[in-house]
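Undergrad: My structure is in final-v1.cif, and what it holds is mmCIF, C-alpha atoms and all ligand atoms:
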data_model
loop_
_atom_site.label_atom_id
_atom_site.label_comp_id
_atom_site.auth_asym_id
_atom_site.auth_seq_id
_atom_site.Cartn_x
_atom_site.Cartn_y
_atom_site.Cartn_z
CA MET A 1348 152.75 70.78 165.84
CA ASP A 1349 153.47 67.05 166.12
CA PRO A 1350 156.72 66.38 164.15
CA LEU A 1351 154.87 63.50 162.43
CA PHE A 1352 152.88 66.09 160.41
CA LEU A 1353 156.07 67.88 159.39
CA SER A 1354 157.72 64.69 158.15
CA ILE A 1355 154.51 63.72 156.28
CA SER A 1356 154.35 67.19 154.72
CA ALA A 1357 157.83 66.76 153.22
CA GLU A 1358 156.45 63.77 151.30
CA CYS A 1359 153.26 65.68 150.44
CA ARG A 1360 155.41 68.40 148.89
CA GLU A 1361 157.05 65.93 146.54
CA VAL A 1362 153.63 64.46 145.58
CA ARG A 1363 152.21 67.93 145.01
CA HIS A 1364 155.05 68.95 142.72
CA ARG A 1365 154.47 65.83 140.61
CA LEU A 1366 150.74 66.58 140.37
CA HIS A 1367 151.45 70.23 139.64
CA ALA A 1368 153.66 69.38 136.67
CA ARG A 1369 150.94 67.16 135.11
CA PRO A 1370 147.71 69.16 135.50
CA GLU A 1371 144.50 67.77 133.95
CA LEU A 1372 141.25 69.52 133.10
CA SER A 1373 137.92 68.84 134.81
CA GLY A 1374 136.58 65.37 134.02
CA ALA A 1375 139.85 64.20 132.42
CA GLU A 1376 141.92 63.58 135.58
CA PHE A 1377 143.15 60.17 134.36
CA ALA A 1378 146.86 60.42 135.23
CA THR A 1379 145.98 62.20 138.48
CA ARG A 1380 143.56 59.39 139.40
CA ASP A 1381 146.22 56.78 138.61
CA ALA A 1382 148.77 58.65 140.75
CA VAL A 1383 146.31 58.85 143.66
CA VAL A 1384 145.48 55.13 143.32
CA ALA A 1385 149.19 54.18 143.25
CA GLU A 1386 149.95 56.29 146.36
CA LEU A 1387 146.99 54.82 148.24
CA ARG A 1388 147.91 51.25 147.31
CA SER A 1389 151.51 51.80 148.44
CA LEU A 1390 150.10 52.84 151.84
CA GLY A 1391 147.97 49.70 152.14
CA PHE A 1392 144.62 51.15 151.04
CA ALA A 1393 142.28 49.37 148.60
CA PRO A 1394 141.06 52.35 146.54
CA GLN A 1395 137.87 52.16 144.48
CA THR A 1396 137.64 53.72 141.01
CA PHE A 1397 134.63 54.29 138.75
CA GLU A 1398 133.51 53.81 135.15
CA ALA A 1399 131.43 56.99 135.17
CA HIS A 1400 134.11 59.45 136.35
CA THR A 1401 137.74 59.80 137.46
CA GLY A 1402 137.03 59.97 141.22
CA VAL A 1403 138.71 57.73 143.80
CA VAL A 1404 137.23 56.56 147.12
CA ALA A 1405 139.26 54.77 149.79
CA LEU A 1406 138.35 53.51 153.27
CA TRP A 1407 140.57 53.31 156.34
CA PRO A 1408 141.02 50.68 157.56
CA PRO A 1409 140.96 49.03 154.13
CA GLY A 1410 138.23 46.46 153.53
CA SER A 1411 136.09 47.90 156.34
CA GLY A 1412 133.18 48.58 153.96
CA ALA A 1413 131.31 45.37 154.74
CA GLY A 1414 131.42 45.93 158.51
CA PRO A 1415 130.18 49.19 160.04
CA ALA A 1416 127.08 50.85 158.63
CA SER A 1417 128.54 54.35 158.53
CA CYS A 1418 131.74 56.39 158.38
CA LEU A 1419 133.33 59.84 158.46
CA ALA A 1420 134.40 61.33 155.10
CA LEU A 1421 137.10 63.80 154.02
CA ARG A 1422 137.16 65.18 150.48
CA ALA A 1423 139.74 66.76 148.15
CA ASP A 1424 139.30 67.98 144.56
CA MET A 1425 141.86 67.14 141.84
CA ASP A 1426 141.22 69.16 138.65
CA ALA A 1427 143.18 72.01 137.04
CA LEU A 1428 142.18 75.01 134.88
CA PRO A 1429 142.62 76.04 131.22
CA LEU A 1430 145.30 78.68 131.92
CA GLN A 1431 148.88 79.08 130.74
CA GLU A 1432 151.11 79.01 133.83
CA GLU A 1433 153.75 81.72 134.30
CA SER A 1434 156.32 80.15 136.59
CA ALA A 1435 160.05 79.56 136.92
CA ASP A 1436 159.61 76.66 139.36
CA ALA A 1437 161.12 73.28 138.52
CA TRP A 1438 157.65 71.72 139.03
CA LYS A 1439 155.80 74.13 136.71
CA SER A 1440 153.10 72.75 134.39
CA GLN A 1441 154.40 70.60 131.54
CA VAL A 1442 151.02 70.83 129.77
CA ALA A 1443 150.52 73.87 127.54
CA GLY A 1444 147.48 75.93 128.50
CA VAL A 1445 146.63 73.89 131.61
CA MET A 1446 147.69 74.63 135.18
CA HIS A 1447 146.79 74.07 138.83
CA ALA A 1448 145.67 77.67 139.33
CA CYS A 1449 143.21 76.83 142.12
CA GLY A 1450 145.56 74.72 144.26
CA HIS A 1451 143.69 71.44 143.87
CA ASP A 1452 147.13 69.77 143.56
CA GLY A 1453 147.66 70.96 147.15
CA HIS A 1454 144.26 69.63 148.28
CA THR A 1455 145.00 66.21 146.76
CA ALA A 1456 148.50 66.17 148.33
CA VAL A 1457 147.02 67.08 151.74
CA LEU A 1458 144.45 64.25 151.58
CA LEU A 1459 147.19 61.82 150.53
CA GLY A 1460 149.09 63.16 153.56
CA VAL A 1461 146.06 62.26 155.70
CA ALA A 1462 146.20 58.76 154.15
CA ARG A 1463 149.86 58.56 155.29
CA TRP A 1464 148.90 59.74 158.76
CA LEU A 1465 146.11 57.12 159.01
CA ALA A 1466 148.41 54.36 157.79
CA ARG A 1467 151.41 55.42 159.96
CA SER A 1468 149.82 56.43 163.21
CA GLY A 1469 148.37 52.92 163.56
CA ARG A 1470 145.22 54.45 165.03
CA THR A 1471 141.74 53.11 164.39
CA TRP A 1472 138.38 54.50 165.43
CA PRO A 1473 134.97 52.94 166.06
CA ARG A 1474 134.02 53.55 162.42
CA PRO A 1475 136.03 53.92 159.19
CA VAL A 1476 137.35 57.09 157.59
CA LYS A 1477 136.48 57.50 153.90
CA LEU A 1478 138.80 59.55 151.68
CA ILE A 1479 137.07 61.03 148.63
CA PHE A 1480 139.22 62.32 145.75
CA GLN A 1481 136.87 64.29 143.53
CA PRO A 1482 137.22 65.26 139.86
CA ALA A 1483 135.70 68.26 138.05
CA GLU A 1484 135.15 70.78 140.85
CA GLU A 1485 135.73 73.71 138.50
CA THR A 1486 132.79 72.70 136.30
CA GLY A 1487 130.55 71.90 139.27
CA LEU A 1488 129.92 68.40 137.89
CA GLY A 1489 132.33 66.41 140.06
CA ALA A 1490 130.45 66.36 143.37
CA PRO A 1491 127.03 65.49 141.85
CA GLY A 1492 128.72 62.76 139.78
CA LEU A 1493 130.33 61.19 142.86
CA ILE A 1494 127.08 61.37 144.81
CA GLU A 1495 125.26 59.67 141.93
CA THR A 1496 127.73 56.77 141.95
CA GLY A 1497 127.26 56.23 145.69
CA ALA A 1498 130.24 58.01 147.30
CA LEU A 1499 128.04 58.92 150.27
CA GLU A 1500 126.90 55.28 150.72
CA ASN A 1501 128.61 51.91 151.45
CA PRO A 1502 129.25 52.70 154.21
CA ARG A 1503 126.92 55.67 154.63
CA VAL A 1504 128.73 58.98 155.27
CA GLU A 1505 127.67 60.50 158.63
CA ALA A 1506 129.62 63.73 158.24
CA VAL A 1507 131.95 65.23 155.65
CA PHE A 1508 134.76 67.82 155.73
CA ALA A 1509 136.83 69.54 153.05
CA LEU A 1510 139.27 72.43 152.77
CA HIS A 1511 140.39 74.98 150.17
CA GLY A 1512 143.72 76.81 150.13
CA TRP A 1513 143.06 80.53 150.69
CA PRO A 1514 145.67 83.12 149.70
CA GLU A 1515 144.05 85.92 151.71
CA LEU A 1516 144.81 84.17 155.02
CA PRO A 1517 148.35 83.80 156.46
CA ALA A 1518 150.03 80.48 155.58
CA GLY A 1519 148.79 77.70 157.85
CA ALA A 1520 145.96 79.73 159.45
CA LEU A 1521 142.40 78.38 159.23
CA SER A 1522 138.94 79.87 158.95
CA ILE A 1523 135.90 77.65 159.68
CA PRO A 1524 132.68 79.72 159.51
CA ASP A 1525 129.51 78.57 161.27
CA ARG A 1526 127.31 78.82 158.22
CA ALA A 1527 127.90 80.41 154.77
CA VAL A 1528 131.37 79.90 153.26
CA MET A 1529 130.74 80.31 149.52
CA ALA A 1530 127.91 81.52 147.33
CA ALA A 1531 125.19 79.93 145.24
CA VAL A 1532 126.11 80.43 141.58
CA ASP A 1533 123.26 80.89 139.11
CA ASN A 1534 124.23 81.74 135.55
CA PHE A 1535 121.75 83.23 133.12
CA THR A 1536 121.43 83.68 129.37
CA LEU A 1537 118.98 86.30 128.20
CA THR A 1538 117.86 86.85 124.61
CA LEU A 1539 116.05 90.11 123.89
CA ARG A 1540 114.16 89.81 120.63
CA GLY A 1541 113.03 93.01 118.86
CA ARG A 1542 112.56 93.92 115.22
CA GLY A 1543 115.59 94.88 113.16
CA GLY A 1544 115.67 97.83 110.82
CA HIS A 1545 117.52 100.84 109.44
CA GLY A 1546 119.57 102.77 111.98
CA ALA A 1547 118.04 106.02 110.65
CA MET A 1548 114.43 104.83 110.98
CA PRO A 1549 113.99 103.60 114.59
CA GLN A 1550 110.22 104.16 114.38
CA LEU A 1551 110.00 101.15 112.05
CA ALA A 1552 112.04 98.89 114.33
CA ARG A 1553 111.92 97.60 117.94
CA ASP A 1554 115.41 98.19 119.26
CA PRO A 1555 116.74 95.41 121.57
CA VAL A 1556 119.98 97.37 122.18
CA VAL A 1557 118.28 100.23 124.02
CA ALA A 1558 116.15 97.68 125.90
CA ALA A 1559 119.35 95.84 126.92
CA ALA A 1560 120.90 99.10 128.16
CA ALA A 1561 117.77 99.90 130.20
CA LEU A 1562 117.69 96.39 131.62
CA ILE A 1563 121.35 96.40 132.66
CA LEU A 1564 120.90 99.68 134.54
CA ASN A 1565 117.56 98.68 136.08
CA ALA A 1566 118.97 95.36 137.23
CA GLN A 1567 121.46 97.21 139.45
CA THR A 1568 118.54 98.08 141.74
CA LEU A 1569 117.86 94.39 142.48
CA VAL A 1570 120.90 94.23 144.76
CA SER A 1571 120.95 97.88 145.88
CA ARG A 1572 117.20 98.41 146.50
CA LYS A 1573 115.39 95.05 146.59
CA SER A 1574 117.64 93.01 148.84
CA SER A 1575 118.65 93.85 152.40
CA PRO A 1576 121.97 95.73 152.67
CA LEU A 1577 122.88 93.16 155.35
CA GLU A 1578 122.56 90.22 152.93
CA ALA A 1579 125.28 89.53 150.36
CA ALA A 1580 124.30 89.36 146.68
CA VAL A 1581 126.06 90.08 143.37
CA LEU A 1582 124.54 90.41 139.90
CA THR A 1583 127.10 90.69 137.11
CA PHE A 1584 126.55 90.93 133.35
CA GLY A 1585 129.61 89.29 131.83
CA GLN A 1586 128.59 89.32 128.16
CA VAL A 1587 126.62 91.82 126.10
CA SER A 1588 126.41 91.18 122.38
CA ALA A 1589 124.24 92.72 119.67
CA GLY A 1590 124.58 93.96 116.12
CA ARG A 1591 127.40 93.93 113.59
CA THR A 1592 127.58 97.39 112.06
CA HIS A 1593 126.87 101.09 112.68
CA ASN A 1594 123.62 101.66 110.76
CA VAL A 1595 121.54 98.54 111.42
CA ILE A 1596 119.28 98.02 114.42
CA PRO A 1597 119.74 94.31 115.19
CA GLU A 1598 116.95 91.80 115.72
CA THR A 1599 118.33 90.47 119.00
CA ALA A 1600 120.60 91.29 121.91
CA LEU A 1601 122.25 88.60 124.00
CA LEU A 1602 123.12 89.12 127.67
CA ARG A 1603 124.91 86.62 129.87
CA GLY A 1604 125.69 86.94 133.53
CA THR A 1605 125.83 85.46 136.99
CA LEU A 1606 123.83 85.87 140.19
CA ARG A 1607 125.60 85.08 143.48
CA THR A 1608 123.87 84.79 146.85
CA LEU A 1609 124.57 83.25 150.27
CA ASN A 1610 121.00 83.02 151.56
CA PRO A 1611 118.75 80.48 149.74
CA ALA A 1612 115.59 82.56 150.44
CA LEU A 1613 117.17 85.69 148.96
CA ARG A 1614 118.36 83.65 146.01
CA ALA A 1615 114.81 82.57 145.13
CA GLU A 1616 113.52 86.11 145.64
CA LEU A 1617 116.16 87.74 143.43
CA MET A 1618 115.68 85.19 140.65
CA ARG A 1619 111.93 85.85 140.68
CA ASP A 1620 112.37 89.65 140.83
CA PHE A 1621 114.95 89.61 138.03
CA GLU A 1622 112.65 87.59 135.75
CA SER A 1623 109.78 89.95 136.46
CA MET A 1624 111.99 92.96 135.72
CA VAL A 1625 113.18 91.39 132.46
CA ASN A 1626 109.60 90.87 131.30
CA HIS A 1627 108.47 94.36 132.30
CA VAL A 1628 111.44 96.14 130.70
CA ALA A 1629 111.01 94.07 127.54
CA GLY A 1630 107.29 94.90 127.51
CA ALA A 1631 107.99 98.62 127.95
CA HIS A 1632 110.23 98.48 124.87
CA GLY A 1633 107.81 96.42 122.79
CA ILE A 1634 110.14 93.46 122.56
CA THR A 1635 110.17 89.92 124.00
CA ALA A 1636 112.66 88.22 126.29
CA GLU A 1637 113.73 84.61 126.75
CA MET A 1638 115.59 83.76 129.90
CA GLU A 1639 117.47 80.61 130.82
CA TRP A 1640 119.04 79.84 134.20
CA VAL A 1641 121.77 77.29 134.80
CA GLU A 1642 122.50 76.42 138.42
CA ALA A 1643 126.28 75.99 138.76
CA CYS A 1644 126.05 75.15 142.47
CA PRO A 1645 124.06 76.00 145.59
CA ALA A 1646 125.58 77.99 148.47
CA THR A 1647 128.21 76.18 150.56
CA LEU A 1648 126.53 76.20 153.97
CA ASN A 1649 128.28 74.64 156.96
CA ASP A 1650 126.41 72.83 159.70
CA PRO A 1651 127.08 75.08 162.74
CA ALA A 1652 127.64 72.11 165.08
CA MET A 1653 130.08 70.48 162.61
CA ALA A 1654 131.89 73.81 162.16
CA ALA A 1655 132.30 74.09 165.95
CA LEU A 1656 133.55 70.49 166.05
CA ALA A 1657 136.05 71.24 163.27
CA ARG A 1658 137.35 74.32 165.11
CA ALA A 1659 137.85 72.22 168.26
CA GLY A 1660 139.56 69.56 166.13
CA VAL A 1661 142.06 71.91 164.50
CA ARG A 1662 142.89 73.48 167.90
CA ARG A 1663 143.93 69.99 169.10
CA THR A 1664 146.65 69.65 166.49
CA LEU A 1665 147.45 73.27 165.59
CA GLY A 1666 146.88 75.14 168.84
CA GLU A 1667 144.63 78.02 169.91
CA GLY A 1668 146.17 80.63 167.63
CA CYS A 1669 145.51 78.89 164.30
CA LEU A 1670 141.98 80.20 163.74
CA ARG A 1671 140.96 83.40 161.94
CA ASP A 1672 137.58 84.85 160.99
CA ALA A 1673 137.47 85.33 157.22
CA PRO A 1674 134.30 86.65 155.56
CA PRO A 1675 132.50 84.32 153.11
CA SER A 1676 133.43 84.43 149.43
CA MET A 1677 130.99 85.06 146.58
CA GLY A 1678 132.83 82.41 144.56
CA GLY A 1679 131.20 78.99 144.23
CA GLU A 1680 132.19 75.47 145.30
CA ASP A 1681 130.49 72.18 144.43
CA PHE A 1682 131.23 70.72 147.89
CA SER A 1683 127.87 72.41 148.56
CA TYR A 1684 126.17 69.35 147.03
CA PHE A 1685 127.74 67.11 149.70
CA LEU A 1686 126.61 69.54 152.41
CA GLN A 1687 123.04 69.39 151.08
CA LYS A 1688 123.03 65.62 151.78
CA VAL A 1689 125.22 65.23 154.87
CA PRO A 1690 126.17 67.56 157.75
CA GLY A 1691 129.73 68.79 157.63
CA ALA A 1692 131.98 71.81 157.22
CA TYR A 1693 134.13 73.42 154.54
CA PHE A 1694 137.07 75.49 155.65
CA TRP A 1695 139.89 77.63 154.40
CA LEU A 1696 143.56 76.87 154.83
CA GLY A 1697 145.69 80.02 154.62
CA LEU A 1698 148.34 80.13 151.88
CA GLY A 1699 149.57 83.72 152.21
CA MET A 1700 149.54 86.03 149.19
CA GLU A 1701 153.16 85.41 148.09
CA ARG A 1702 152.10 83.32 145.10
CA GLY A 1703 149.17 85.49 143.98
CA GLY A 1704 145.43 84.97 144.03
CA LEU A 1705 143.43 81.92 142.88
CA HIS A 1706 142.89 81.43 139.11
CA ASN A 1707 145.93 83.60 138.37
CA PRO A 1708 148.69 82.45 135.95
CA ARG A 1709 151.35 83.03 138.64
CA PHE A 1710 149.48 81.27 141.45
CA ASP A 1711 150.98 78.26 143.21
CA PHE A 1712 149.84 76.36 146.31
CA ASN A 1713 152.08 77.27 149.24
CA ASP A 1714 153.96 74.14 150.41
CA GLU A 1715 154.38 75.74 153.85
CA ALA A 1716 150.65 75.13 154.42
CA LEU A 1717 150.68 71.36 153.67
CA ALA A 1718 151.53 70.27 157.23
CA ALA A 1719 148.74 72.44 158.67
CA GLY A 1720 146.27 70.96 156.17
CA VAL A 1721 147.12 67.38 157.18
CA ALA A 1722 147.13 68.29 160.90
CA ALA A 1723 143.75 70.04 160.54
CA PHE A 1724 142.07 66.95 159.06
CA ALA A 1725 143.78 64.72 161.65
CA GLY A 1726 142.49 66.90 164.49
CA ILE A 1727 138.97 66.80 163.03
CA VAL A 1728 139.05 62.97 162.80
CA GLU A 1729 140.17 62.69 166.44
CA GLU A 1730 137.62 65.22 167.68
CA TYR A 1731 134.80 63.65 165.65
CA PHE A 1732 135.21 60.15 167.07
CA GLU A 1733 135.80 61.43 170.59
CA ARG A 1734 132.44 63.17 170.41
CA SER A 1735 130.51 60.37 168.71
CA PRO A 1736 132.21 57.12 169.75
CA ALA A 1737 129.15 54.88 169.38
ZN ZN B 1 138.84 77.34 141.27
ZN ZN B 2 139.25 75.51 143.83
#
Kindly transcribe the structure held in the file into structure tokens.
Ligand SMILES: [Zn+2]
Ligand SMILES: [Zn+2]
TA:
Amino acid sequence: MDPLFLSISAECREVRHRLHARPELSGAEFATRDAVVAELRSLGFAPQTFEAHTGVVALWPPGSGAGPASCLALRADMDALPLQEESADAWKSQVAGVMHACGHDGHTAVLLGVARWLARSGRTWPRPVKLIFQPAEETGLGAPGLIETGALENPRVEAVFALHGWPELPAGALSIPDRAVMAAVDNFTLTLRGRGGHGAMPQLARDPVVAAAALILNAQTLVSRKSSPLEAAVLTFGQVSAGRTHNVIPETALLRGTLRTLNPALRAELMRDFESMVNHVAGAHGITAEMEWVEACPATLNDPAMAALARAGVRRTLGEGCLRDAPPSMGGEDFSYFLQKVPGAYFWLGLGMERGGLHNPRFDFNDEALAAGVAAFAGIVEEYFERSPA
């Protein structure tokens, strides 16, 4: 690896530790935004901030917005999670009940490292590079908010790339799948409405609890029998609530859960089949059902050509041996909204398992991976403009 990336990563480490100590929840990344803006200004950038959200957008070279009609974009997310950190590190969270348990402090530090690389290497390309620092990834609201305020315009984004630290890969290794990286997340709330009554006189009631039990078991066949065993899908009931005492049949039962899929066609099919099953099971039990879906995010689907370009790019700076083949995750990621608008690729940067899994109170981003993150983006920038110079 070019020693430039190693010297930049030493500075990234210091930035990351500062961000890690002051984590902020989704949509409230005010101090984080100010820190990002200050870093960018000190490097000669002219960062743009927004009324509507705490995102930051910066072009390299600065002030190039009025010139070229389009650009290449790189994105990092900045928000933390409502978790109490368990750490003995000097840079541990100073905010009770909030911590960087998903490594977004690392993603922000890496993209600030890319800003350093752009500013220091003195290189320019035919079109600008746009750095996008995104709030509120964990709630799925950050990417749509940025898109709404024009982050993919002025100049128009031709292609977009982002990474996520991944504990299951060795530190510094990368995985850049051709297509699906993360799942579509569809959350549902289901109210089964029966008729309450005495626990000893079920014939006078319509029991939503037994209907809920039947539905939960029946729903297991949606993934096991209705969808192809070669297609990934998960249906999880995360909340089941009904009743308050031992001898009363309640009026209602509430079920909440999540459906995860990688294939958009299967997603539509499973949602339809699940609704039909809900109505039929409710009908068989003489009760009614109300169902509400909330889309958290669509599947994160790479553009195969952009994924191939990204793999070639990271080989330039990190060598042949840096790539691994990791399977997709059934977690969700709101970078998917960018990929619905613009071709690009999302990839994983290995962190090693030493600091635990994501969303864990003992998790910490592995500083050893910072240099590889910066070098990966740098390689992608070089490869991108070599392939599309005009
Ligand atoms: Zn997360
Ligand atoms: Zn994350």
Undergrad: Using only C-alpha atoms and all ligand atoms, find each protein or nucleic acid residue lying at most 10 Å from ligand ZN 2 (chain B); present the set as a PDB file with C-alpha atoms, keeping the file's coordinate frame.
TA:
ATOM      1  CA  ALA A1423     139.740  66.760 148.150  1.00  0.00           C
ATOM      2  CA  ASP A1424     139.300  67.980 144.560  1.00  0.00           C
ATOM      3  CA  MET A1425     141.860  67.140 141.840  1.00  0.00           C
ATOM      4  CA  ASP A1426     141.220  69.160 138.650  1.00  0.00           C
ATOM      5  CA  ALA A1427     143.180  72.010 137.040  1.00  0.00           C
ATOM      6  CA  LEU A1428     142.180  75.010 134.880  1.00  0.00           C
ATOM      7  CA  HIS A1447     146.790  74.070 138.830  1.00  0.00           C
ATOM      8  CA  ALA A1448     145.670  77.670 139.330  1.00  0.00           C
ATOM      9  CA  CYS A1449     143.210  76.830 142.120  1.00  0.00           C
ATOM     10  CA  GLY A1450     145.560  74.720 144.260  1.00  0.00           C
ATOM     11  CA  HIS A1451     143.690  71.440 143.870  1.00  0.00           C
ATOM     12  CA  ASP A1452     147.130  69.770 143.560  1.00  0.00           C
ATOM     13  CA  HIS A1454     144.260  69.630 148.280  1.00  0.00           C
ATOM     14  CA  ALA A1483     135.700  68.260 138.050  1.00  0.00           C
ATOM     15  CA  GLU A1484     135.150  70.780 140.850  1.00  0.00           C
ATOM     16  CA  GLU A1485     135.730  73.710 138.500  1.00  0.00           C
ATOM     17  CA  LEU A1510     139.270  72.430 152.770  1.00  0.00           C
ATOM     18  CA  HIS A1511     140.390  74.980 150.170  1.00  0.00           C
ATOM     19  CA  GLY A1512     143.720  76.810 150.130  1.00  0.00           C
ATOM     20  CA  TRP A1513     143.060  80.530 150.690  1.00  0.00           C
ATOM     21  CA  GLY A1678     132.830  82.410 144.560  1.00  0.00           C
ATOM     22  CA  GLY A1679     131.200  78.990 144.230  1.00  0.00           C
ATOM     23  CA  GLU A1680     132.190  75.470 145.300  1.00  0.00           C
ATOM     24  CA  ASP A1681     130.490  72.180 144.430  1.00  0.00           C
ATOM     25  CA  LEU A1705     143.430  81.920 142.880  1.00  0.00           C
ATOM     26  CA  HIS A1706     142.890  81.430 139.110  1.00  0.00           C
TER      27      HIS A1706
END
Undergrad: From (109.3, 88.4, 124.9), in the file's coordinates, out to 8 Å: which residues are reached, counting only C-alpha atoms? Answer as a PDB file with C-alpha atoms, keeping the file's coordinate frame.
TA:
ATOM      1  CA  LEU A1539     116.050  90.110 123.890  1.00  0.00           C
ATOM      2  CA  ARG A1540     114.160  89.810 120.630  1.00  0.00           C
ATOM      3  CA  ASN A1626     109.600  90.870 131.300  1.00  0.00           C
ATOM      4  CA  ALA A1629     111.010  94.070 127.540  1.00  0.00           C
ATOM      5  CA  GLY A1630     107.290  94.900 127.510  1.00  0.00           C
ATOM      6  CA  ILE A1634     110.140  93.460 122.560  1.00  0.00           C
ATOM      7  CA  THR A1635     110.170  89.920 124.000  1.00  0.00           C
ATOM      8  CA  ALA A1636     112.660  88.220 126.290  1.00  0.00           C
ATOM      9  CA  GLU A1637     113.730  84.610 126.750  1.00  0.00           C
TER      10      GLU A1637
END
Undergrad: Counting all atoms listed in the file, what is within 7 Å of Val1504 of chain A, bar same-chain residues fewer than 4 positions away, as a ChimeraX atom specification?
TA: /A:1417-1420,1499-1500
Undergrad: Could you save the residues just selected, with C-alpha atoms, as a compact mmCIF listing (two decimals), in the coordinates of the input?
TA:
# COMPACT_ATOMS: atom_id res chain seq x y z
CA SER A 1417 128.54 54.35 158.53
CA CYS A 1418 131.74 56.39 158.38
CA LEU A 1419 133.33 59.84 158.46
CA ALA A 1420 134.40 61.33 155.10
CA LEU A 1499 128.04 58.92 150.27
CA GLU A 1500 126.90 55.28 150.72
Undergrad: Skip Val1476 of chain A itself and residues of its chain fewer than 4 positions away, then list as a list in words all residues within 10 Å of it, counting only C-alpha atoms.
TA: Ala1405, Leu1406, Trp1407, Pro1408, Pro1409, Ser1411, Ser1417, Cys1418, Leu1419, Ala1420, Leu1421, Ala1462, Leu1465, Thr1471, Trp1472, Pro1502, Val1504, Val1507 and Val1728 of chain A
Undergrad: Within 12 Å of Ala1631 of chain A, counting all atoms listed in the file, which residues qualify if same-chain residues fewer than 4 places away don't, as a VMD selection string?
TA: chain A and resid 1541 1553 to 1555 1557 to 1559 1561 to 1562 1624 to 1627 1635 to 1636
Undergrad: Please, what distance in Å, to one decimal, runs between atom CA of His1367 of chain A and atom ZN of ligand ZN 1 (chain B)?
TA: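 That distance, rounded to one decimal, is 14.6 Å.
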Undergrad: Atom CA of Ser1588 of chain A and atom CA of Arg1603 of chain A, how far apart in Å?
TA: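 Separation of atom CA of Arg1603 of chain A and atom CA of Ser1588 of chain A: 8.9 Å.
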Undergrad: Set the distance at 12 Å and use all atoms listed in the file: which residues neighbour Ala1443 of chain A once local chain neighbours fewer than 5 positions away are removed? I'd like the list as a PyMOL selection string.
TA: chain A and resi 1368-1372+1428-1433
Undergrad: Could you check which of A:Val1532, A:Leu1717, A:Ala1722, A:Ala1655 is closest to Tyr1693 of chain A, using only C-alpha atoms?
TA: A:Ala1655
Undergrad: For segment 1590-1594 of chain A, list every protein, DNA or RNA residue within 10 Å, evaluated using only C-alpha atoms, and leave out those in the same chain fewer than 2 positions away; present the list as a list of chain:residue names.
TA: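 Here the qualifying residues turn out to be A:Gly1543, A:Gly1544, A:His1545, A:Gly1546, A:Ala1547, A:Met1548, A:Pro1555, A:Val1556, A:Ser1588, A:Ile1596, A:Pro1597, A:Glu1598, A:Thr1599, A:Ala1600, A:Leu1601.
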Undergrad: Between atom CA of Leu1696 of chain A and atom CA of Pro1517 of chain A, what distance in Å does the model show, to one decimal?
TA: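 For atom CA of Leu1696 of chain A relative to atom CA of Pro1517 of chain A, the distance reads 8.6 Å.
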Undergrad: Rank A:Leu1686, A:Ala1385, A:Leu1537, A:Met1529 by their smallest atom-to-atom distance to ligand ZN 1 (chain B), using only C-alpha atoms and all ligand atoms, and report the top residue only.
TA: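 Distance minimum relative to ligand ZN 1 (chain B) lands on A:Met1529.
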Undergrad: Looking at all atoms listed in the file, which of A:Gly1402, A:Gly1697, A:Gly1492, A:Gly1460 is the one that sits closest to Ala1357 of chain A?
TA: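 Among the listed residues, the smallest separation from Ala1357 of chain A belongs to A:Gly1460.
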Undergrad: Quick one: residues within 12 Å of (139.4, 72.5, 164.6) (file frame), counting all atoms listed in the file, please, as a ChimeraX atom specification.
TA: /A:1508,1510,1520-1524,1652-1671,1692-1696,1719-1731
Undergrad: Which residue out of A:Met1700, A:Ala1552, A:Arg1607, A:Phe1710 has the minimum interatomic distance to ligand ZN 1 (chain B) when all atoms listed in the file are used?
TA: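 Ranking A:Met1700, A:Ala1552, A:Arg1607, A:Phe1710 by distance to ligand ZN 1 (chain B), first place goes to A:Phe1710.
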Undergrad: Between A:Gly1497, A:Pro1475, A:Gly1487, A:Gly1469, which has the minimum distance to ligand ZN 1 (chain B) (counting only C-alpha atoms and all ligand atoms)?
TA: A:Gly1487
Undergrad: Hey, which of A:Leu1617, A:Ala1646, A:Ala1498, A:Ile1563 ends up closest to Ser1575 of chain A? Count all atoms listed in the file.
TA: A:Leu1617
Undergrad: Regenerate segment 1545-1549 of chain A at the level of N, CA, C and O atoms and dump it as an mmCIF file, in the coordinates of the input.
TA:
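Result written to out-v1.cif:
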data_model
loop_
_atom_site.group_PDB
_atom_site.id
_atom_site.type_symbol
_atom_site.label_atom_id
_atom_site.label_comp_id
_atom_site.auth_asym_id
_atom_site.auth_seq_id
_atom_site.Cartn_x
_atom_site.Cartn_y
_atom_site.Cartn_z
ATOM 1 N N HIS A 1545 116.522 99.838 109.802
ATOM 2 C CA HIS A 1545 117.520 100.840 109.440
ATOM 3 C C HIS A 1545 117.855 101.706 110.656
ATOM 4 O O HIS A 1545 116.951 102.130 111.383
ATOM 5 N N GLY A 1546 119.132 101.966 110.839
ATOM 6 C CA GLY A 1546 119.570 102.770 111.980
ATOM 7 C C GLY A 1546 119.006 104.188 111.947
ATOM 8 O O GLY A 1546 118.929 104.860 112.985
ATOM 9 N N ALA A 1547 118.581 104.665 110.779
ATOM 10 C CA ALA A 1547 118.040 106.020 110.650
ATOM 11 C C ALA A 1547 116.523 106.059 110.807
ATOM 12 O O ALA A 1547 115.924 107.126 110.809
ATOM 13 N N MET A 1548 115.895 104.873 110.915
ATOM 14 C CA MET A 1548 114.430 104.830 110.980
ATOM 15 C C MET A 1548 113.967 103.972 112.162
ATOM 16 O O MET A 1548 113.314 102.938 111.998
ATOM 17 N N PRO A 1549 114.309 104.409 113.399
ATOM 18 C CA PRO A 1549 113.990 103.600 114.590
ATOM 19 C C PRO A 1549 112.500 103.380 114.763
ATOM 20 O O PRO A 1549 112.081 102.413 115.388
#
